[in-house]
Amino acid sequence: MLNLLELLSFGPNGWGDEILQGALLTIELALVTLPVGIAIGLAVAVAKDSRSRALRAVGDLYTTVFRGLPELLTLFIVYYGGQMLLTRLAGYVVEGAHIEVNQFVAGVVALGLVLGAFSSEVLLAAIRAVPKGQKEAASALGLSGWNTFRLVTFPQLWRVALPGLSNNWMVLLKDTSLVSVIAISDLMRQTSIAVGVTKQPFFFYLVACLIYLVFSGLSSVVFSALENRASRGFKRVGGH
Amino acid sequence: MEPFLGALGEGFLWLMGLIGLNADLMSRYGLRFLDGVWVTLQLVGLSIVFGAVLALPLAIARVEGGKVLSRAAFTYSYFFRGTPLLAQTFLIYYGAGQFREQLTDIGLWWFFRDAFNCAVFTFTLNTAAYQSEILRGGIQTLPAGQMEAAQALGLSRVLAYRKIILPQAIAVGLRPLGNELVLMIKASAIASVITVYDLMGVTRLAFSRSYDMEVYLWAAVLYLVMVEIVRRVWNVLERRLNRHLLVSR
């Protein structure tokens, strides 16, 4: 047991620092993906809520495709497909050009596309939960379009969307592990490297699992604080 | 929905035309892809069924168990829902390799030696955690009067569960269970990482030999078709099973 713990020490003999670096990269990846995914999700939600039939169809198509595809497949398509597509496009400009897609960027794009599909459903429900009268009242008060969104619609939409988005975030956090397959040095990959050297798969993968558990535990603390803040103007059933 | 599916098909054909459909590739790997689909279906089918068998006692332990039992069931589902399936799969597949001697001693090595078995085993444990949460949620939405009435009629607790509580809990949980099935189809692609030749595994093999993006698009279409079929069948099923709950529509 003591030997196993030594393997986790920081320094040349232990894997603690390598795994910690991986864990930080995992967090970084998830945090960079979050705004990308939410922005896509918001755009798709607005498209699905629009009056134009074509836009609605595009929004539905987007959601069906990226919710239906395995995340691993989306990742491969973005990574290899993006590489080939960009190389082909670059070939028109410069003869024989070759473009390498950065794995981190591919990971962010792929996870962002998936998160966009899932969060669009949450955001759509939230958009529809804000009564039309709110907007009308805001414009009656003379608020501009942007101010209406910022001061009236968004705070209400946010409250409804938070629990769903918190769910989306938890799924995203776990999905980041998939990028290890395209050789990003995230938590999962660093763990696999440690396993390759030490031949202690059970111990190291268990450690990795526990780190993911800590991340989701911390996330739920943050999200419940956010939810409390977002609904501070609301009296809930059962008091508080 | 119909025009939308048409758009899906047209979009696919457009993509195929853009890249140029590769007939040679289709003849070389077509059958292998069908094998891959079959392996994926087996992975999902076995895991979902075994997972459901395991989820039932877990859910009941959460609701009825004492402090220890319900805690244990909660910890189980917290672990499997809070960690990535990829990590769980590695934990079991490579972890089993580490304990080869012990597993041979208790006569279980033949099972864990095979990547397919390990995948089914991991997916079963994983989906059991999710299914037990769905079932527990379903049970806990029922008013206490249901159980009280059953007992007033002289039904034993077991019988009350079988005849009254569980049928209603499953009716409540039917939609999330369908979602879980879809999630499992998608998640099963992870088996390809531990050398199982499911649809994703076959696709990766074909791509590594041909370097033709088309194979990924085939896989995408096959996965979408599977997911779409499940969704539609589930909608029909839900309508049929919950028809007593449907208000005029």
# chains A, B, ... in the order shown; residues from 1 in each chain; ligands from 1

$ interface_residues --of "chain B" --to "chain A" --cutoff "7 Å" --atoms "only C-alpha atoms" --output "short mmCIF file (atom, residue, chain, number, x, y, z; two decimals) with C-alpha atoms, in the first residue's frame"
data_model
loop_
_atom_site.label_atom_id
_atom_site.label_comp_id
_atom_site.auth_asym_id
_atom_site.auth_seq_id
_atom_site.Cartn_x
_atom_site.Cartn_y
_atom_site.Cartn_z
CA PHE B 4 -36.89 16.58 -41.61
CA LEU B 8 -31.28 14.26 -43.33
CA GLY B 82 -19.69 10.48 -11.59
CA THR B 83 -16.79 8.91 -13.47
CA PRO B 84 -16.25 8.58 -17.22
CA LEU B 86 -13.84 5.19 -20.51
CA ALA B 87 -12.10 5.23 -17.11
CA PHE B 90 -9.98 0.74 -18.48
CA LEU B 91 -10.26 0.06 -14.77
CA TYR B 94 -6.67 -3.56 -17.64
CA GLY B 95 -7.33 -4.00 -13.94
CA GLN B 98 -3.35 -7.19 -13.33
CA LYS B 186 -23.65 5.93 -28.23
CA ALA B 187 -21.49 4.98 -25.26
CA ALA B 189 -18.47 3.06 -29.13
CA MET B 213 -13.13 9.80 -44.42
CA TYR B 216 -16.68 7.68 -40.67
CA ALA B 220 -22.34 8.23 -38.50
CA TYR B 223 -25.45 5.17 -35.56
CA LEU B 224 -28.06 7.80 -36.39
CA VAL B 227 -30.72 5.83 -32.47
#

$ residues_around --residues "region 164-178 of chain B" --least-positions-apart "2" --cutoff "7 Å" --atoms "only C-alpha atoms" --output "MDAnalysis selection string"
chainID B and resid 131 134:135 138:139 160:162 180:182 234 238 242

$ write_last_selection --atoms "C-alpha atoms" --output "mmCIF file, in the first residue's frame"
data_model
loop_
_atom_site.group_PDB
_atom_site.id
_atom_site.type_symbol
_atom_site.label_atom_id
_atom_site.label_comp_id
_atom_site.auth_asym_id
_atom_site.auth_seq_id
_atom_site.Cartn_x
_atom_site.Cartn_y
_atom_site.Cartn_z
ATOM 1 C CA GLN B 131 -31.312 2.734 -14.436
ATOM 2 C CA ILE B 134 -34.510 6.300 -12.857
ATOM 3 C CA LEU B 135 -36.370 3.511 -11.089
ATOM 4 C CA GLY B 138 -40.175 6.590 -10.342
ATOM 5 C CA ILE B 139 -40.855 4.801 -7.061
ATOM 6 C CA ALA B 160 -47.267 -4.846 -3.500
ATOM 7 C CA TYR B 161 -44.020 -3.993 -5.260
ATOM 8 C CA ARG B 162 -44.622 -6.485 -8.011
ATOM 9 C CA GLU B 180 -30.683 5.670 -21.316
ATOM 10 C CA LEU B 181 -30.978 3.117 -24.119
ATOM 11 C CA VAL B 182 -29.963 5.777 -26.660
ATOM 12 C CA TRP B 234 -39.826 3.817 -27.828
ATOM 13 C CA GLU B 238 -44.591 4.641 -24.431
ATOM 14 C CA ASN B 242 -49.158 4.644 -20.889
#

$ atom_distance --atom1 "CA of Ala161 (chain A)" --atom2 "CA of Ile229 (chain B)"
29.1 Å

$ closest_residue --among "A:Asn147, A:Thr87, A:Thr33, A:Gln156" --to "Val114 (chain A)" --atoms "only C-alpha atoms"
A:Thr33

$ atom_distance --atom1 "CA of Trp169 (chain A)" --atom2 "CA of Ala125 (chain A)"
17.1 Å
